[in-house]
file target-v4.txt (compact mmCIF, C-alpha atoms)
# COMPACT_ATOMS: atom_id res chain seq x y z
CA MET O 37 90.46 90.63 103.30
CA ASP O 38 89.22 90.09 99.75
CA LYS O 39 90.56 93.14 97.89
CA LYS O 40 88.74 92.08 94.72
CA LEU O 41 85.41 92.46 96.55
CA ILE O 42 86.47 95.64 98.32
CA PHE O 43 87.67 97.39 95.14
CA LYS O 44 84.75 96.26 92.95
CA ASP O 45 83.54 99.29 90.90
CA ILE O 46 86.04 101.64 92.61
CA PRO O 47 87.79 104.10 90.27
CA ASP O 48 91.21 105.65 90.73
CA LYS O 49 91.52 109.43 91.14
CA ARG O 50 92.85 109.55 87.56
CA GLU O 51 89.47 108.21 86.39
CA TYR O 52 87.28 110.28 88.74
CA LYS O 53 88.95 113.38 90.18
CA ASN O 54 86.70 113.65 93.24
CA THR O 55 87.75 110.37 94.84
CA THR O 56 90.96 109.29 96.52
CA SER O 57 93.57 107.34 94.56
CA LEU O 58 93.67 103.56 94.68
CA LYS O 59 97.07 103.91 96.38
CA PHE O 60 95.45 106.04 99.12
CA LYS O 61 92.77 103.38 99.62
CA GLU O 62 95.34 100.57 99.70
CA ASP O 63 97.35 102.50 102.29
CA LEU O 64 94.19 102.85 104.41
CA ILE O 65 93.79 99.08 104.33
CA ASP O 66 97.43 98.59 105.33
CA ALA O 67 97.11 101.09 108.18
CA PHE O 68 93.82 99.89 109.69
CA GLN O 69 93.12 96.27 108.70
CA ASP O 70 94.55 94.93 111.96
CA ILE O 71 93.20 97.58 114.35
CA GLY O 72 90.04 99.07 112.85
CA GLN O 73 87.39 96.43 113.50
CA GLU O 74 86.41 97.87 116.89
CA TYR O 75 86.41 101.50 115.72
CA THR O 76 83.70 103.81 114.44
CA CYS O 77 84.78 106.04 111.58
CA LEU O 78 83.31 109.45 110.75
CA GLU O 79 83.75 110.44 107.11
CA LEU O 80 83.38 114.11 106.20
CA GLY O 81 82.65 114.29 102.48
CA THR O 82 80.98 111.16 101.07
CA ASN O 83 80.85 112.18 97.42
CA HIS O 84 79.92 108.99 95.52
CA GLY O 85 80.97 106.61 98.31
CA HIS O 86 84.13 105.12 96.81
CA THR O 87 86.27 105.67 99.91
CA THR O 88 83.23 105.00 102.10
CA ARG O 89 83.21 101.48 100.70
CA ILE O 90 86.81 100.87 101.75
CA LEU O 91 86.10 102.27 105.22
CA SER O 92 83.12 99.93 105.63
CA PHE O 93 85.44 96.92 105.32
CA LEU O 94 87.92 98.34 107.83
CA PHE O 95 85.70 99.67 110.61
CA LYS O 96 82.82 98.36 112.68
CA HIS O 97 80.61 101.35 111.79
CA VAL O 98 80.99 104.22 109.31
CA VAL O 99 79.01 107.45 109.60
CA THR O 100 79.38 109.51 106.46
CA LEU O 101 78.25 113.09 105.94
CA ASP O 102 77.73 114.95 102.69
CA TRP O 103 75.83 118.12 101.94
CA LEU O 104 74.17 116.70 98.80
CA GLU O 105 71.54 113.99 98.91
CA GLU O 106 71.33 114.10 95.10
CA PRO O 107 73.42 112.78 93.50
CA ASN O 108 76.14 112.11 96.12
CA LEU O 109 74.42 110.20 98.92
CA ARG O 110 72.09 108.42 96.51
CA MET O 111 75.04 107.18 94.46
CA ALA O 112 77.00 106.20 97.58
CA LYS O 113 74.04 104.15 98.83
CA GLU O 114 73.72 102.42 95.46
CA LEU O 115 77.43 101.58 95.31
CA ASN O 116 77.43 100.27 98.88
CA ARG O 117 74.04 98.54 98.92
CA ASP O 118 75.77 95.31 99.99
CA ARG O 119 77.26 97.00 103.11
CA ASP O 120 75.13 97.17 106.27
CA ASN O 121 77.45 99.14 108.57
CA ILE O 122 77.17 102.60 106.96
CA THR O 123 74.98 105.46 108.21
CA TYR O 124 74.41 108.28 105.69
CA ILE O 125 73.66 111.81 106.88
CA GLN O 126 72.90 114.80 104.68
CA LYS O 127 74.62 117.70 106.41
CA ASP O 128 76.64 120.79 105.59
CA VAL O 129 79.49 120.20 108.02
CA TYR O 130 80.24 123.94 108.08
CA GLU O 131 76.97 124.59 109.89
CA SER O 132 76.51 123.74 113.57
CA TRP O 133 77.20 120.17 114.65
CA SER O 134 75.08 120.48 117.78
CA ASP O 135 72.04 118.93 116.05
CA LEU O 136 73.98 115.82 115.02
CA ASP O 137 73.48 112.68 117.06
CA LEU O 138 76.87 111.16 116.30
CA PRO O 139 78.16 108.00 117.91
CA MET O 140 81.59 108.27 119.54
CA PHE O 141 84.15 107.89 116.76
CA GLN O 142 87.80 106.91 116.99
CA VAL O 143 88.69 107.65 113.35
CA ALA O 144 87.81 110.62 111.14
CA LEU O 145 88.43 110.77 107.42
CA ILE O 146 88.40 114.44 106.44
CA ASP O 147 87.88 115.07 102.72
CA CYS O 148 85.33 117.85 102.56
CA GLY O 149 86.09 121.55 102.03
CA HIS O 150 89.66 122.28 100.97
CA GLU O 151 90.12 125.86 102.12
CA TYR O 152 92.25 126.60 105.18
CA GLU O 153 89.26 127.60 107.34
CA HIS O 154 87.37 124.43 106.34
CA LEU O 155 90.16 122.18 107.59
CA VAL O 156 90.54 124.13 110.83
CA SER O 157 86.79 123.75 111.41
CA ASP O 158 86.87 120.03 110.55
CA ILE O 159 89.78 119.32 112.90
CA ASN O 160 88.29 121.35 115.74
CA ASN O 161 84.89 119.65 115.39
CA CYS O 162 86.43 116.18 115.30
CA ILE O 163 88.36 116.96 118.48
CA ARG O 164 85.21 118.36 120.12
CA TYR O 165 82.84 115.53 119.17
CA GLY O 166 85.16 112.54 118.76
CA SER O 167 87.14 110.31 121.06
CA ASP O 168 89.96 111.70 123.20
CA SER O 169 92.19 109.36 121.23
CA GLN O 170 91.48 109.36 117.50
CA TYR O 171 93.06 109.00 114.12
CA MET O 172 92.46 111.76 111.58
CA ILE O 173 92.95 110.87 107.93
CA PHE O 174 93.32 113.71 105.43
CA ASP O 175 93.11 113.66 101.64
CA ASP O 176 94.55 116.23 99.21
CA TYR O 177 97.41 117.18 101.55
CA GLY O 178 99.86 117.78 98.71
CA ILE O 179 97.50 119.34 96.14
CA PRO O 180 98.76 122.84 95.16
CA GLY O 181 96.43 125.78 95.66
CA TYR O 182 94.45 124.25 98.52
CA GLY O 183 94.67 125.19 102.20
CA VAL O 184 94.75 121.58 103.38
CA LYS O 185 98.46 121.21 104.14
CA ASP O 186 98.81 124.64 105.74
CA ALA O 187 95.79 124.07 108.00
CA ILE O 188 96.95 120.62 109.09
CA ASN O 189 100.48 121.83 109.77
CA ASN O 190 99.13 124.83 111.72
CA ARG O 191 96.90 122.60 113.85
CA ILE O 192 99.85 120.25 114.52
CA GLU O 193 101.93 123.25 115.64
CA THR O 194 99.20 124.71 117.87
CA ILE O 195 97.65 121.50 119.26
CA PRO O 196 100.41 119.53 121.00
CA GLU O 197 98.19 116.43 121.21
CA LEU O 198 97.92 116.22 117.39
CA ASN O 199 100.78 114.57 115.51
CA LYS O 200 101.34 113.39 111.96
CA ILE O 201 102.16 109.68 112.01
CA VAL O 202 102.32 108.56 108.37
CA ASP O 203 102.09 109.77 104.77
CA ILE O 204 99.63 107.88 102.53
CA GLY O 205 98.59 107.79 98.91
CA GLU O 206 100.49 109.05 95.91
CA LYS O 207 103.87 110.71 96.49
CA ALA O 208 105.16 114.20 95.70
CA GLY O 209 105.63 114.67 91.96
CA ASP O 210 102.80 112.29 91.03
CA GLU O 211 99.75 113.54 89.16
CA PRO O 212 96.78 111.55 90.51
CA ARG O 213 94.39 114.33 89.52
CA PRO O 214 94.80 115.64 85.96
CA GLY O 215 96.61 118.99 85.98
CA LYS O 216 97.48 118.80 89.70
CA ILE O 217 101.02 117.61 90.40
CA LEU O 218 101.44 116.81 94.08
CA LEU O 219 103.83 119.03 96.03
CA ASP O 220 103.73 116.54 98.91
CA THR O 221 101.99 113.24 99.58
CA GLU O 222 98.33 112.85 98.65
CA GLY O 223 97.31 112.26 102.23
CA VAL O 224 98.42 111.96 105.83
CA ILE O 225 97.23 110.19 108.93
CA CYS O 226 97.49 112.05 112.22
CA LEU O 227 96.85 110.86 115.76
CA TYR O 228 95.15 113.03 118.36
CA GLU O 229 95.64 111.93 121.95
CA LYS O 230 94.28 114.14 124.70
call {"tool": "encode", "arguments": {"input": "target-v4.txt", "output": "structure tokens"}}
result
Amino acid sequence: MDKKLIFKDIPDKREYKNTTSLKFKEDLIDAFQDIGQEYTCLELGTNHGHTTRILSFLFKHVVTLDWLEEPNLRMAKELNRDRDNITYIQKDVYESWSDLDLPMFQVALIDCGHEYEHLVSDINNCIRYGSDSQYMIFDDYGIPGYGVKDAINNRIETIPELNKIVDIGEKAGDEPRPGKILLDTEGVICLYEK
């Protein structure tokens, strides 16, 4: 895998606060480069498509959802114009999913709303619409003041089929986003197996 090509024009979280860190992206490559080529990945929260780009090199197909066509999806399409395995959908993921015609996905990257109820909704929808065996990747797990960690930990406690398998990204004590010192790792990967 040519990391120079993959990381072309990709900022770190310290440069653009609404993306994942370069460490997070590198950890995604390490986790999925040997197993991801047959998987479809659903990304909740495209933003400008930085992480979408990394996903497109790891997975057979990426379906990415964002609520803003302008500027988010437009910018993501421009950044990833050389990638032909990405489907972009403008959608508020906190509205009904019943109108979405999603392919079966085996991986979900959840980086959308950061309140407790958002994460619970995201996890429940991924379980409902995704594969019976799927990886769930979460960003902003250790960011203080968000409901991400509490929601993930609650879902792990109440859904026996959902387990945390690895920490990814920056570590506790790091400051990948200015003014936000991580209380835990930047992200986690969980595995849901029904």
call {"tool": "closest_residue", "arguments": {"input": "target-v4.txt", "among": "O:Leu41, O:Asp48, O:Lys127, O:Asn116", "to": "Pro212 of chain O", "atoms": "all atoms listed in the file"}}
result
O:Asp48
call {"tool": "closest_residue", "arguments": {"input": "target-v4.txt", "among": "O:Ile159, O:Phe93, O:Gly215, O:Pro107", "to": "Asn190 of chain O", "atoms": "only C-alpha atoms"}}
result
O:Ile159
call {"tool": "closest_residue", "arguments": {"input": "target-v4.txt", "among": "O:Met111, O:Lys39, O:Glu105, O:Val98", "to": "Gly85 of chain O", "atoms": "only C-alpha atoms"}}
result
O:Met111
call {"tool": "closest_residue", "arguments": {"input": "target-v4.txt", "among": "O:Asp158, O:Glu153, O:Asp176, O:Asp118", "to": "Ser132 of chain O", "atoms": "only C-alpha atoms"}}
result
O:Asp158
call {"tool": "closest_residue", "arguments": {"input": "target-v4.txt", "among": "O:Tyr75, O:Tyr177, O:Trp103, O:Tyr171", "to": "Met140 of chain O", "atoms": "all atoms listed in the file"}}
result
O:Tyr75
call {"tool": "atom_distance", "arguments": {"input": "target-v4.txt", "atom1": "atom CA of Thr88 of chain O", "atom2": "atom CA of Val184 of chain O"}}
result
20.2 Å
call {"tool": "residues_near_point", "arguments": {"input": "target-v4.txt", "point": "(83.4, 96.0, 119.6)", "cutoff": "12 Å", "atoms": "all atoms listed in the file", "output": "count of residues only"}}
result
9
call {"tool": "decode", "arguments": {"input": "target-v4.txt", "residues": "segment 109-132 of chain O", "atoms": "N, CA and C atoms", "output": "compact mmCIF listing (two decimals), in the first residue's frame"}}
result
# COMPACT_ATOMS: atom_id res chain seq x y z
N LEU O 109 -19.95 17.28 1.38
CA LEU O 109 -19.89 16.24 0.35
C LEU O 109 -19.19 16.74 -0.91
N ARG O 110 -19.40 18.00 -1.25
CA ARG O 110 -18.71 18.56 -2.42
C ARG O 110 -17.19 18.48 -2.23
N MET O 111 -16.72 18.87 -1.06
CA MET O 111 -15.28 18.86 -0.80
C MET O 111 -14.74 17.43 -0.74
N ALA O 112 -15.52 16.52 -0.18
CA ALA O 112 -15.10 15.11 -0.12
C ALA O 112 -14.97 14.53 -1.53
N LYS O 113 -15.92 14.87 -2.39
CA LYS O 113 -15.86 14.38 -3.78
C LYS O 113 -14.65 14.95 -4.51
N GLU O 114 -14.34 16.22 -4.26
CA GLU O 114 -13.17 16.83 -4.90
C GLU O 114 -11.88 16.17 -4.42
N LEU O 115 -11.75 15.96 -3.12
CA LEU O 115 -10.55 15.34 -2.57
C LEU O 115 -10.35 13.93 -3.12
N ASN O 116 -11.45 13.22 -3.27
CA ASN O 116 -11.40 11.80 -3.63
C ASN O 116 -11.79 11.53 -5.08
N ARG O 117 -11.60 12.52 -5.94
CA ARG O 117 -12.01 12.38 -7.35
C ARG O 117 -11.27 11.25 -8.06
N ASP O 118 -10.13 10.83 -7.52
CA ASP O 118 -9.39 9.72 -8.13
C ASP O 118 -9.83 8.35 -7.60
N ARG O 119 -10.81 8.32 -6.71
CA ARG O 119 -11.30 7.06 -6.12
C ARG O 119 -12.66 6.73 -6.72
N ASP O 120 -12.84 5.50 -7.19
CA ASP O 120 -14.10 5.13 -7.85
C ASP O 120 -14.94 4.14 -7.05
N ASN O 121 -14.61 3.95 -5.78
CA ASN O 121 -15.36 2.98 -4.97
C ASN O 121 -16.09 3.64 -3.79
N ILE O 122 -16.43 4.92 -3.94
CA ILE O 122 -17.12 5.66 -2.88
C ILE O 122 -18.49 6.11 -3.39
N THR O 123 -19.52 5.85 -2.58
CA THR O 123 -20.87 6.34 -2.84
C THR O 123 -21.17 7.40 -1.79
N TYR O 124 -21.58 8.58 -2.23
CA TYR O 124 -21.89 9.70 -1.33
C TYR O 124 -23.40 9.85 -1.21
N ILE O 125 -23.88 9.98 0.03
CA ILE O 125 -25.31 10.15 0.26
C ILE O 125 -25.50 11.31 1.23
N GLN O 126 -26.33 12.27 0.81
CA GLN O 126 -26.70 13.36 1.72
C GLN O 126 -27.86 12.85 2.57
N LYS O 127 -27.64 12.79 3.88
CA LYS O 127 -28.65 12.23 4.77
C LYS O 127 -28.37 12.66 6.20
N ASP O 128 -29.40 13.09 6.89
CA ASP O 128 -29.32 13.29 8.34
C ASP O 128 -29.54 11.91 8.95
N VAL O 129 -28.50 11.33 9.51
CA VAL O 129 -28.60 9.95 10.01
C VAL O 129 -29.48 9.84 11.24
N TYR O 130 -29.93 10.97 11.78
CA TYR O 130 -30.82 10.92 12.95
C TYR O 130 -32.28 11.02 12.55
N GLU O 131 -32.53 10.93 11.25
CA GLU O 131 -33.88 10.74 10.72
C GLU O 131 -33.99 9.26 10.36
N SER O 132 -35.13 8.83 9.92
CA SER O 132 -35.35 7.42 9.59
C SER O 132 -34.36 6.90 8.55
